[in-house]
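Containing PDB, C-alpha atoms: coords_7.pdb.
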```pdb
ATOM      1  CA  MET H 440       6.969-113.422-140.878
ATOM      2  CA  THR H 441       3.290-112.907-141.557
ATOM      3  CA  ALA H 442       0.603-114.931-139.892
ATOM      4  CA  LEU H 443      -0.008-116.743-143.180
ATOM      5  CA  LEU H 444       3.654-117.667-143.557
ATOM      6  CA  ARG H 445       3.806-118.852-139.961
ATOM      7  CA  ALA H 446       0.750-121.025-140.566
ATOM      8  CA  LEU H 447       2.262-122.494-143.729
ATOM      9  CA  ALA H 448       5.526-123.209-141.945
ATOM     10  CA  ALA H 449       3.686-124.952-139.126
ATOM     11  CA  LEU H 450       1.674-126.972-141.627
ATOM     12  CA  GLY H 451       4.843-127.999-143.454
ATOM     13  CA  ALA H 452       6.476-129.120-140.215
ATOM     14  CA  MET H 453       3.408-131.136-139.271
ATOM     15  CA  LEU H 454       3.284-132.833-142.686
ATOM     16  CA  ALA H 455       6.971-133.668-142.473
ATOM     17  CA  LEU H 456       6.426-135.206-139.046
ATOM     18  CA  LEU H 457       3.490-137.252-140.273
ATOM     19  CA  ALA H 458       5.459-138.392-143.305
ATOM     20  CA  GLY H 459       8.319-139.466-141.055
ATOM     21  CA  CYS H 460       5.952-141.451-138.835
ATOM     22  CA  ALA H 461       4.359-143.110-141.855
ATOM     23  CA  ALA H 462       7.741-144.064-143.258
ATOM     24  CA  LEU H 463       8.830-145.431-139.897
ATOM     25  CA  ARG H 464       5.711-147.509-139.416
ATOM     26  CA  GLY H 465       5.641-148.789-142.970
ATOM     27  CA  GLU H 466       2.791-150.335-144.878
ATOM     28  CA  ASP H 467       3.393-153.796-143.406
ATOM     29  CA  GLU H 468       3.357-152.804-139.733
ATOM     30  CA  ARG H 469       0.444-154.451-137.966
ATOM     31  CA  ILE H 470      -0.732-156.025-134.720
ATOM     32  CA  VAL H 471      -2.282-159.497-134.858
ATOM     33  CA  GLU H 472      -4.300-161.284-132.174
ATOM     34  CA  VAL H 473      -2.828-164.779-132.442
ATOM     35  CA  ALA H 474      -5.862-166.795-131.276
ATOM     36  CA  SER H 475      -8.227-165.279-133.847
ATOM     37  CA  GLY H 476      -5.770-164.222-136.530
ATOM     38  CA  ARG H 477      -7.463-160.828-136.763
ATOM     39  CA  THR H 478      -5.617-157.560-137.055
ATOM     40  CA  VAL H 479      -6.259-155.203-134.135
ATOM     41  CA  THR H 480      -5.592-151.533-133.528
ATOM     42  CA  ARG H 481      -3.093-150.082-131.117
ATOM     43  CA  ASP H 482      -5.997-148.857-128.963
ATOM     44  CA  GLN H 483      -7.433-152.363-128.796
ATOM     45  CA  LEU H 484      -4.057-153.699-127.707
ATOM     46  CA  LEU H 485      -3.775-150.957-125.091
ATOM     47  CA  ALA H 486      -7.205-151.884-123.714
ATOM     48  CA  ALA H 487      -6.061-155.497-123.332
ATOM     49  CA  LEU H 488      -2.841-154.422-121.621
ATOM     50  CA  ARG H 489      -4.685-152.118-119.203
ATOM     51  CA  ALA H 490      -7.065-154.944-118.254
ATOM     52  CA  SER H 491      -4.236-157.406-117.565
ATOM     53  CA  ASP H 492      -2.454-158.311-114.373
ATOM     54  CA  TYR H 493       0.809-158.931-116.198
ATOM     55  CA  ALA H 494       1.764-157.369-119.528
ATOM     56  CA  LEU H 495       4.844-158.802-121.219
ATOM     57  CA  LEU H 496       6.408-156.917-124.135
ATOM     58  CA  GLY H 497       9.042-158.727-126.190
ATOM     59  CA  GLU H 498      11.786-157.416-128.428
ATOM     60  CA  GLN H 499      14.438-158.292-130.915
ATOM     61  CA  HIS H 500      17.299-156.602-129.163
ATOM     62  CA  ASP H 501      18.764-154.851-132.194
ATOM     63  CA  ASN H 502      15.503-153.475-133.592
ATOM     64  CA  ARG H 503      15.131-149.845-132.516
ATOM     65  CA  VAL H 504      11.528-149.728-133.759
ATOM     66  CA  HIS H 505      10.587-152.433-131.230
ATOM     67  CA  HIS H 506      11.937-150.272-128.426
ATOM     68  CA  GLN H 507      10.160-147.205-129.760
ATOM     69  CA  ARG H 508       6.805-148.971-130.019
ATOM     70  CA  ARG H 509       7.085-150.341-126.499
ATOM     71  CA  GLY H 510       8.039-146.929-125.175
ATOM     72  CA  GLU H 511       4.918-145.513-126.820
ATOM     73  CA  LEU H 512       2.782-148.226-125.210
ATOM     74  CA  LEU H 513       4.273-147.562-121.783
ATOM     75  CA  ALA H 514       3.686-143.829-122.148
ATOM     76  CA  ALA H 515       0.035-144.530-123.009
ATOM     77  CA  LEU H 516      -0.346-146.906-120.043
ATOM     78  CA  ALA H 517       0.749-144.178-117.627
ATOM     79  CA  VAL H 518      -2.489-142.457-116.634
ATOM     80  CA  PRO H 519      -2.018-138.666-116.289
ATOM     81  CA  GLY H 520      -2.193-137.831-112.606
ATOM     82  CA  GLY H 521      -2.311-141.522-111.726
ATOM     83  CA  VAL H 522       0.190-144.246-110.953
ATOM     84  CA  ALA H 523       2.436-145.362-113.793
ATOM     85  CA  PRO H 524       2.827-149.137-114.000
ATOM     86  CA  ALA H 525       5.938-150.738-112.582
ATOM     87  CA  VAL H 526       8.235-151.933-115.353
ATOM     88  CA  VAL H 527      10.536-154.917-114.852
ATOM     89  CA  ALA H 528      13.454-155.121-117.282
ATOM     90  CA  GLU H 529      15.534-158.049-118.455
ATOM     91  CA  HIS H 530      18.336-155.522-118.940
ATOM     92  CA  LEU H 531      18.905-155.144-115.173
ATOM     93  CA  GLU H 532      19.483-157.670-112.413
ATOM     94  CA  ARG H 533      16.691-158.487-109.994
ATOM     95  CA  GLY H 534      16.839-156.328-106.897
ATOM     96  CA  ARG H 535      18.065-153.247-108.766
ATOM     97  CA  ARG H 536      15.946-150.111-109.152
ATOM     98  CA  VAL H 537      16.754-147.147-111.363
ATOM     99  CA  GLN H 538      16.884-143.754-109.681
ATOM    100  CA  PHE H 539      16.263-141.429-112.583
ATOM    101  CA  GLY H 540      18.292-138.248-112.801
ATOM    102  CA  ALA H 541      18.997-135.708-115.520
ATOM    103  CA  ASP H 542      21.208-138.127-117.483
ATOM    104  CA  LEU H 543      19.220-141.196-118.531
ATOM    105  CA  GLN H 544      22.201-143.326-119.500
ATOM    106  CA  ALA H 545      24.041-142.523-116.283
ATOM    107  CA  SER H 546      20.942-143.385-114.248
ATOM    108  CA  LEU H 547      20.667-146.771-115.952
ATOM    109  CA  VAL H 548      24.373-147.522-115.617
ATOM    110  CA  ALA H 549      24.253-146.703-111.903
ATOM    111  CA  ALA H 550      21.657-149.471-111.568
ATOM    112  CA  GLY H 551      23.877-151.962-113.365
ATOM    113  CA  PHE H 552      22.857-151.445-116.992
ATOM    114  CA  ASP H 553      25.564-152.603-119.425
ATOM    115  CA  ALA H 554      25.452-149.777-121.970
ATOM    116  CA  LYS H 555      27.976-151.379-124.319
ATOM    117  CA  GLY H 556      26.482-154.854-124.127
ATOM    118  CA  TRP H 557      22.986-153.529-124.829
ATOM    119  CA  GLN H 558      24.270-151.285-127.650
ATOM    120  CA  TRP H 559      23.171-147.972-126.127
ATOM    121  CA  PRO H 560      21.456-145.796-127.292
ATOM    122  CA  ILE H 561      19.312-148.340-129.152
ATOM    123  CA  HIS H 562      17.109-148.850-126.047
ATOM    124  CA  GLU H 563      16.756-145.133-125.322
ATOM    125  CA  PRO H 564      13.261-144.938-126.933
ATOM    126  CA  LEU H 565      12.137-147.603-124.447
ATOM    127  CA  PHE H 566      13.600-146.219-121.239
ATOM    128  CA  ALA H 567      13.065-142.480-121.807
ATOM    129  CA  PRO H 568       9.236-142.700-121.617
ATOM    130  CA  ILE H 569       9.519-144.760-118.415
ATOM    131  CA  ALA H 570      11.634-142.006-116.876
ATOM    132  CA  ARG H 571       9.155-139.331-117.962
ATOM    133  CA  ALA H 572       6.172-141.303-116.603
ATOM    134  CA  GLY H 573       7.776-141.480-113.178
ATOM    135  CA  GLY H 574       6.956-145.122-112.526
ATOM    136  CA  PRO H 575       9.476-147.568-111.081
ATOM    137  CA  LEU H 576      11.948-149.344-113.376
ATOM    138  CA  LEU H 577      13.056-152.557-111.693
ATOM    139  CA  GLY H 578      15.576-155.229-112.550
ATOM    140  CA  GLY H 579      14.332-158.734-113.243
ATOM    141  CA  ASN H 580      17.184-160.825-114.580
ATOM    142  CA  ALA H 581      19.219-163.368-112.663
ATOM    143  CA  ALA H 582      22.707-162.152-111.855
ATOM    144  CA  ARG H 583      25.151-162.878-114.661
ATOM    145  CA  ASP H 584      27.469-164.971-112.473
ATOM    146  CA  ILE H 585      24.505-167.122-111.424
ATOM    147  CA  ALA H 586      23.419-167.669-115.040
ATOM    148  CA  ARG H 587      26.971-168.593-116.000
ATOM    149  CA  GLN H 588      27.356-171.037-113.128
ATOM    150  CA  VAL H 589      24.045-172.690-113.958
ATOM    151  CA  ALA H 590      24.974-172.906-117.654
ATOM    152  CA  ARG H 591      28.218-174.580-116.627
ATOM    153  CA  SER H 592      26.957-176.906-113.889
ATOM    154  CA  GLY H 593      23.289-177.450-114.687
ATOM    155  CA  ALA H 594      20.158-177.492-112.540
ATOM    156  CA  SER H 595      22.056-178.306-109.345
ATOM    157  CA  ALA H 596      23.523-174.782-109.403
ATOM    158  CA  VAL H 597      20.154-172.970-109.556
ATOM    159  CA  PRO H 598      19.574-170.987-106.325
ATOM    160  CA  ALA H 599      16.914-172.488-104.051
ATOM    161  CA  GLU H 600      14.263-169.792-104.570
ATOM    162  CA  LEU H 601      14.507-170.007-108.345
ATOM    163  CA  ALA H 602      14.700-173.803-108.284
ATOM    164  CA  ALA H 603      11.469-174.011-106.266
ATOM    165  CA  THR H 604       9.737-171.730-108.765
ATOM    166  CA  ILE H 605      10.898-173.851-111.704
ATOM    167  CA  GLU H 606       9.998-177.144-110.035
ATOM    168  CA  ALA H 607       6.482-175.872-109.337
ATOM    169  CA  SER H 608       6.029-175.121-113.059
ATOM    170  CA  PRO H 609       7.379-178.062-115.082
ATOM    171  CA  LEU H 610       7.499-177.714-118.843
ATOM    172  CA  ALA H 611       5.473-179.941-121.117
ATOM    173  CA  ALA H 612       7.616-182.142-123.354
ATOM    174  CA  SER H 613       6.656-180.084-126.401
ATOM    175  CA  ALA H 614       7.575-176.843-124.636
ATOM    176  CA  GLN H 615      10.962-178.194-123.573
ATOM    177  CA  ALA H 616      11.604-179.309-127.151
ATOM    178  CA  ALA H 617      10.692-175.801-128.350
ATOM    179  CA  LEU H 618      13.037-174.247-125.781
ATOM    180  CA  ASP H 619      15.888-176.538-126.808
ATOM    181  CA  GLU H 620      15.315-175.675-130.457
ATOM    182  CA  ASP H 621      15.313-171.968-129.630
ATOM    183  CA  LEU H 622      18.589-172.277-127.721
ATOM    184  CA  VAL H 623      20.284-174.195-130.520
ATOM    185  CA  ASP H 624      19.007-171.745-133.141
ATOM    186  CA  GLY H 625      20.116-168.823-130.972
ATOM    187  CA  HIS H 626      23.645-170.228-131.018
ATOM    188  CA  CYS H 627      23.574-170.664-134.812
ATOM    189  CA  GLY H 628      23.274-174.439-134.523
ATOM    190  CA  MET H 629      26.714-174.636-132.916
ATOM    191  CA  LEU H 630      25.741-175.341-129.308
ATOM    192  CA  PRO H 631      27.280-178.671-128.240
ATOM    193  CA  ALA H 632      24.720-181.254-127.121
ATOM    194  CA  SER H 633      26.680-181.658-123.903
ATOM    195  CA  ARG H 634      25.919-178.042-122.962
ATOM    196  CA  LEU H 635      22.235-177.974-123.870
ATOM    197  CA  GLY H 636      20.952-179.105-120.471
ATOM    198  CA  GLY H 637      22.932-176.426-118.653
ATOM    199  CA  MET H 638      21.821-173.717-121.035
ATOM    200  CA  ARG H 639      18.214-174.811-120.648
ATOM    201  CA  SER H 640      18.525-174.597-116.864
ATOM    202  CA  ALA H 641      20.099-171.143-117.128
ATOM    203  CA  GLN H 642      17.280-169.904-119.335
ATOM    204  CA  ARG H 643      14.687-171.249-116.919
ATOM    205  CA  ALA H 644      16.511-169.630-113.994
ATOM    206  CA  ARG H 645      16.465-166.265-115.729
ATOM    207  CA  ASP H 646      12.752-166.646-116.505
ATOM    208  CA  ALA H 647      12.038-167.585-112.881
ATOM    209  CA  SER H 648      13.935-164.527-111.687
ATOM    210  CA  MET H 649      11.944-162.253-113.994
ATOM    211  CA  TRP H 650       8.667-163.847-112.952
ATOM    212  CA  LEU H 651       9.374-163.287-109.250
ATOM    213  CA  ALA H 652      10.302-159.652-109.929
ATOM    214  CA  LEU H 653       7.136-159.183-111.988
ATOM    215  CA  ARG H 654       4.951-160.861-109.361
ATOM    216  CA  ASP H 655       6.321-158.584-106.644
ATOM    217  CA  ALA H 656       6.414-155.372-108.709
ATOM    218  CA  GLY H 657       3.468-153.865-106.847
ATOM    219  CA  THR H 658       1.208-152.551-109.630
ATOM    220  CA  ARG H 659      -1.423-154.085-111.849
ATOM    221  CA  PRO H 660      -0.667-154.289-114.593
ATOM    222  CA  ALA H 661       2.975-154.973-113.931
ATOM    223  CA  VAL H 662       4.988-154.851-117.154
ATOM    224  CA  LEU H 663       7.955-156.947-118.255
ATOM    225  CA  VAL H 664      10.211-155.787-121.100
ATOM    226  CA  ALA H 665      12.449-158.593-122.316
ATOM    227  CA  GLY H 666      13.543-160.564-125.341
ATOM    228  CA  ASN H 667      10.902-162.442-127.276
ATOM    229  CA  GLY H 668      12.136-165.764-125.907
ATOM    230  CA  HIS H 669      11.338-164.675-122.363
ATOM    231  CA  VAL H 670       7.751-163.644-123.133
ATOM    232  CA  ARG H 671       6.741-166.824-124.977
ATOM    233  CA  THR H 672       3.661-168.461-123.521
ATOM    234  CA  ASP H 673       4.955-172.018-123.967
ATOM    235  CA  PHE H 674       8.258-171.890-122.075
ATOM    236  CA  GLY H 675       8.871-168.284-120.981
ATOM    237  CA  VAL H 676       7.764-166.118-118.076
ATOM    238  CA  PRO H 677       4.032-166.462-118.954
ATOM    239  CA  GLN H 678       4.334-170.236-118.478
ATOM    240  CA  LEU H 679       5.592-169.732-114.933
ATOM    241  CA  ALA H 680       2.967-167.078-114.211
ATOM    242  CA  SER H 681       0.106-169.227-115.521
ATOM    243  CA  ALA H 682       1.230-172.263-113.552
ATOM    244  CA  GLN H 683       1.476-170.370-110.269
ATOM    245  CA  GLN H 684      -1.402-167.904-110.701
ATOM    246  CA  PRO H 685      -3.934-169.693-112.943
ATOM    247  CA  GLN H 686      -6.480-166.883-112.604
ATOM    248  CA  ALA H 687      -4.048-164.123-113.579
ATOM    249  CA  ARG H 688      -4.801-162.126-116.721
ATOM    250  CA  ILE H 689      -1.631-162.348-118.803
ATOM    251  CA  VAL H 690      -1.015-160.569-122.095
ATOM    252  CA  SER H 691       2.149-161.369-124.014
ATOM    253  CA  VAL H 692       3.217-159.379-127.081
ATOM    254  CA  GLY H 693       5.917-160.734-129.363
ATOM    255  CA  PHE H 694       7.647-158.080-131.474
ATOM    256  CA  LEU H 695       8.666-159.634-134.783
ATOM    257  CA  GLU H 696       9.711-158.410-138.216
ATOM    258  CA  THR H 697       8.240-158.357-141.709
ATOM    259  CA  GLY H 698       7.996-161.877-143.086
ATOM    260  CA  ALA H 699       7.510-163.577-139.730
ATOM    261  CA  ARG H 700       4.526-165.873-139.422
ATOM    262  CA  THR H 701       1.800-165.018-136.946
ATOM    263  CA  ALA H 702      -0.429-168.117-136.932
ATOM    264  CA  GLY H 703       0.175-170.319-133.919
ATOM    265  CA  MET H 704       2.926-168.138-132.481
ATOM    266  CA  PRO H 705       3.360-168.484-128.686
ATOM    267  CA  TYR H 706       2.121-164.995-127.792
ATOM    268  CA  THR H 707      -1.239-163.345-127.155
ATOM    269  CA  TYR H 708      -0.457-160.737-129.803
ATOM    270  CA  VAL H 709       2.252-160.325-132.419
ATOM    271  CA  TRP H 710       3.377-156.852-133.499
ATOM    272  CA  ILE H 711       5.087-156.937-136.890
ATOM    273  CA  THR H 712       7.496-154.127-137.772
ATOM    274  CA  ALA H 713      10.055-153.443-140.465
ATOM    275  CA  ARG H 714      13.291-155.389-140.320
ATOM    276  CA  ALA H 715      16.321-153.895-138.647
ATOM    277  CA  GLU H 716      19.411-153.546-140.791
ATOM    278  CA  ARG H 717      21.866-156.158-139.591
ATOM    279  CA  GLY H 718      24.594-158.395-140.886
ATOM    280  CA  ASP H 719      24.628-162.168-140.556
ATOM    281  CA  PRO H 720      24.833-162.788-136.777
ATOM    282  CA  CYS H 721      26.343-166.203-137.449
ATOM    283  CA  ALA H 722      29.047-164.993-139.833
ATOM    284  CA  GLY H 723      32.492-166.015-138.683
ATOM    285  CA  MET H 724      31.216-168.284-135.920
ATOM    286  CA  SER H 725      32.655-171.733-135.409
ATOM    287  CA  ALA H 726      31.614-174.589-133.175
ATOM    288  CA  ILE H 727      31.168-173.340-129.620
ATOM    289  CA  ALA H 728      33.576-174.956-127.202
ATOM    290  CA  PRO H 729      32.071-176.257-123.947
ATOM    291  CA  ALA H 730      33.839-173.584-121.880
ATOM    292  CA  ALA H 731      32.602-170.809-124.144
ATOM    293  CA  ALA H 732      29.059-172.153-124.059
ATOM    294  CA  ALA H 733      29.157-172.278-120.284
ATOM    295  CA  ALA H 734      30.377-168.687-120.080
ATOM    296  CA  SER H 735      27.809-167.270-122.472
ATOM    297  CA  ALA H 736      24.356-166.159-121.380
ATOM    298  CA  PRO H 737      21.441-167.959-123.012
ATOM    299  CA  PRO H 738      20.013-165.934-125.883
ATOM    300  CA  ALA H 739      16.774-164.050-125.363
ATOM    301  CA  ARG H 740      15.499-163.101-128.777
TER     302      ARG H 740
END
```

Rewritten as structure tokens:
Amino acid sequence: MTALLRALAALGAMLALLAGCAALRGEDERIVEVASGRTVTRDQLLAALRASDYALLGEQHDNRVHHQRRGELLAALAVPGGVAPAVVAEHLERGRRVQFGADLQASLVAAGFDAKGWQWPIHEPLFAPIARAGGPLLGGNAARDIARQVARSGASAVPAELAATIEASPLAASAQAALDEDLVDGHCGMLPASRLGGMRSAQRARDASMWLALRDAGTRPAVLVAGNGHVRTDFGVPQLASAQQPQARIVSVGFLETGARTAGMPYTYVWITARAERGDPCAGMSAIAPAAAAASAPPAR
């Protein structure tokens, strides 16, 4: 192949790559600063994340683009030759730490990652850059049996450390109403009223667990990757962080989809992406029996 042909082939490959990126990002993809309503660039968002003490990146669990965008942000936050930020994940229990090896999935599973439950490999674009950056990946979530017991029995079943954290950061009435609405919506409107208090306590326990893991992660910024419900500023992890460290610089990014509103949303920034292809998550559901509600983990969308 001549030099000219090699150059043309390289140019064609580059154009194909750029076209693929453009198609993936889509015309409607944008980042909005909620307080001002202005659209910001990725570099402006990165500057805000780098200047924070705690950076919280949400997700809709079944949207691969959300995981890819967060992986790109985490790769950019890792300073070459410096210390990569510690990342706390909802997807692992607090106290777990991933020891990365040659097989990413196996490394995650060894730390307690539920590959089937989290629909692997949909989160691969999130976790692969963390492995390459070499920073710690830490668990943040409350243990599943604890969340289930709290959902079943209510606030009295919350472990003492988590209970103290929650009690020190009471929710405003409006925030509790928003949390209750989110829980009911997350269960397709079929959550029995008798189970709502327990599910609320379980959600708060999980948020408290993630906050303690984030607080103790050891780097600034420390990063949390979790469902959008956990990174909300009104009732999620940022609410606990703000109540207990009022001077902390907290940046929360909700990852939403085309058509979602941005004004007044409970995040510092909203990143809008294309919609994931999905069926009706409520199709075929019937009223949730009390036992089933107690056994299910609160949604984190």

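Using only C-alpha atoms, the smallest distance between any of H:Leu485, H:Ala490, H:Ala616, H:Val479 and Ala514 (chain H) comes from H:Leu485.
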
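Considering the residues H:Arg591, H:Arg717, H:Arg508, H:Arg571 and counting all atoms listed in the file, Leu496 (chain H) has its shortest atom-to-atom contact with H:Arg508.
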
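Of the residues listed (H:Gly668, H:Gly625, H:Pro609, H:Pro705), H:Pro609 shows the shortest atom-to-atom separation from Ala682 (chain H); distances use only C-alpha atoms.
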
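Distances here use all atoms listed in the file; by that measure, the residue among H:Ala541, H:Ala656, H:Ala596, H:Ala602 closest to Gly578 (chain H) is H:Ala656.
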
Report as a ChimeraX atom specification the full result of the PyMOL selection byres ((chain H and resi 536) around 6) when it is applied to this structure.
/H:535,537,576-577

Tell me, as a PyMOL selection string, which residues lie within 12 Å of Ala474 (chain H), counting all atoms listed in the file; anything in the same chain fewer than 4 positions away does not count.
chain H and resi 478-479+701-709

Mind giving me the straight-line distance from CA of Ala614 (chain H) to CA of Gly675 (chain H) in Å, one decimal?
9.4 Å

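The interatomic distance for the pair CA of Leu695 (chain H) and CA of Thr712 (chain H) works out to 6.4 Å.
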
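Once the PyMOL selection byres ((chain H and resi 716) around 12) is applied to the shown structure, the selection contains Asp501, Asn502, Arg503, Val504, Glu696, Ala713, Arg714, Ala715, Arg717, Gly718, Asp719 and Pro720 of chain H.
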
Give as a ChimeraX atom specification each residue that has an atom at most 12 Å from (-5.7, -162.4, -122.6) in the file, counting all atoms listed in the file.
/H:472-475,483-495,672,677,681,686-692,706-708

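As for CA of Val664 (chain H) and CA of Ile561 (chain H), they are spaced 14.3 Å apart.
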
Please provide the set of residues having any atom within 12 Å of Pro519 (chain H), restricted to all atoms listed in the file, with same-chain residues fewer than 2 positions apart removed, written as number ranges by chain.
H: 514-517, 521-524, 571-574

Non-local contacts of Leu547 (chain H) (12 Å; all atoms listed in the file; under 6 positions in same chain excluded) as a list of chain:residue names
H:Ala528, H:His530, H:Leu531, H:Glu532, H:Arg535, H:Arg536, H:Val537, H:Gln538, H:Phe539, H:Gly540, H:Ala541, H:Asp553, H:Ala554, H:Trp557, H:Trp559, H:Pro560, H:His562, H:Glu563, H:Phe566, H:Ala567, H:Ile569, H:Ala570, H:Leu576, H:Leu577, H:Gly578

Please supply region 553-568 of chain H, rebuilt with N, CA and C atoms, as a PDB file, keeping the file's coordinate frame.
```
ATOM      1  N   ASP H 553      24.358-152.470-118.613  1.00  0.00           N
ATOM      2  CA  ASP H 553      25.564-152.603-119.425  1.00  0.00           C
ATOM      3  C   ASP H 553      25.332-151.870-120.744  1.00  0.00           C
ATOM      4  N   ALA H 554      25.745-150.608-120.794  1.00  0.00           N
ATOM      5  CA  ALA H 554      25.452-149.777-121.970  1.00  0.00           C
ATOM      6  C   ALA H 554      26.089-150.336-123.228  1.00  0.00           C
ATOM      7  N   LYS H 555      27.303-150.837-123.143  1.00  0.00           N
ATOM      8  CA  LYS H 555      27.976-151.379-124.319  1.00  0.00           C
ATOM      9  C   LYS H 555      27.321-152.690-124.746  1.00  0.00           C
ATOM     10  N   GLY H 556      27.065-153.569-123.799  1.00  0.00           N
ATOM     11  CA  GLY H 556      26.482-154.854-124.127  1.00  0.00           C
ATOM     12  C   GLY H 556      25.102-154.741-124.746  1.00  0.00           C
ATOM     13  N   TRP H 557      24.334-153.728-124.291  1.00  0.00           N
ATOM     14  CA  TRP H 557      22.986-153.529-124.829  1.00  0.00           C
ATOM     15  C   TRP H 557      22.970-152.500-125.952  1.00  0.00           C
ATOM     16  N   GLN H 558      24.124-152.137-126.453  1.00  0.00           N
ATOM     17  CA  GLN H 558      24.270-151.285-127.650  1.00  0.00           C
ATOM     18  C   GLN H 558      23.565-149.933-127.483  1.00  0.00           C
ATOM     19  N   TRP H 559      23.742-149.302-126.333  1.00  0.00           N
ATOM     20  CA  TRP H 559      23.171-147.972-126.127  1.00  0.00           C
ATOM     21  C   TRP H 559      23.656-147.046-127.236  1.00  0.00           C
ATOM     22  N   PRO H 560      22.767-146.219-127.809  1.00  0.00           N
ATOM     23  CA  PRO H 560      21.456-145.796-127.292  1.00  0.00           C
ATOM     24  C   PRO H 560      20.254-146.490-127.934  1.00  0.00           C
ATOM     25  N   ILE H 561      20.411-147.732-128.427  1.00  0.00           N
ATOM     26  CA  ILE H 561      19.312-148.340-129.152  1.00  0.00           C
ATOM     27  C   ILE H 561      18.065-148.522-128.279  1.00  0.00           C
ATOM     28  N   HIS H 562      18.254-148.683-126.950  1.00  0.00           N
ATOM     29  CA  HIS H 562      17.109-148.850-126.047  1.00  0.00           C
ATOM     30  C   HIS H 562      16.598-147.523-125.471  1.00  0.00           C
ATOM     31  N   GLU H 563      17.196-146.423-125.866  1.00  0.00           N
ATOM     32  CA  GLU H 563      16.756-145.133-125.322  1.00  0.00           C
ATOM     33  C   GLU H 563      15.272-144.868-125.557  1.00  0.00           C
ATOM     34  N   PRO H 564      14.691-145.192-126.740  1.00  0.00           N
ATOM     35  CA  PRO H 564      13.261-144.938-126.933  1.00  0.00           C
ATOM     36  C   PRO H 564      12.360-145.756-126.018  1.00  0.00           C
ATOM     37  N   LEU H 565      12.894-146.818-125.422  1.00  0.00           N
ATOM     38  CA  LEU H 565      12.137-147.603-124.447  1.00  0.00           C
ATOM     39  C   LEU H 565      12.217-146.985-123.057  1.00  0.00           C
ATOM     40  N   PHE H 566      13.415-146.642-122.626  1.00  0.00           N
ATOM     41  CA  PHE H 566      13.600-146.219-121.239  1.00  0.00           C
ATOM     42  C   PHE H 566      13.241-144.753-120.996  1.00  0.00           C
ATOM     43  N   ALA H 567      13.380-143.897-122.007  1.00  0.00           N
ATOM     44  CA  ALA H 567      13.065-142.480-121.807  1.00  0.00           C
ATOM     45  C   ALA H 567      11.608-142.261-121.403  1.00  0.00           C
ATOM     46  N   PRO H 568      10.626-142.899-122.051  1.00  0.00           N
ATOM     47  CA  PRO H 568       9.236-142.700-121.617  1.00  0.00           C
ATOM     48  C   PRO H 568       8.972-143.214-120.202  1.00  0.00           C
TER      49      PRO H 568
END
```
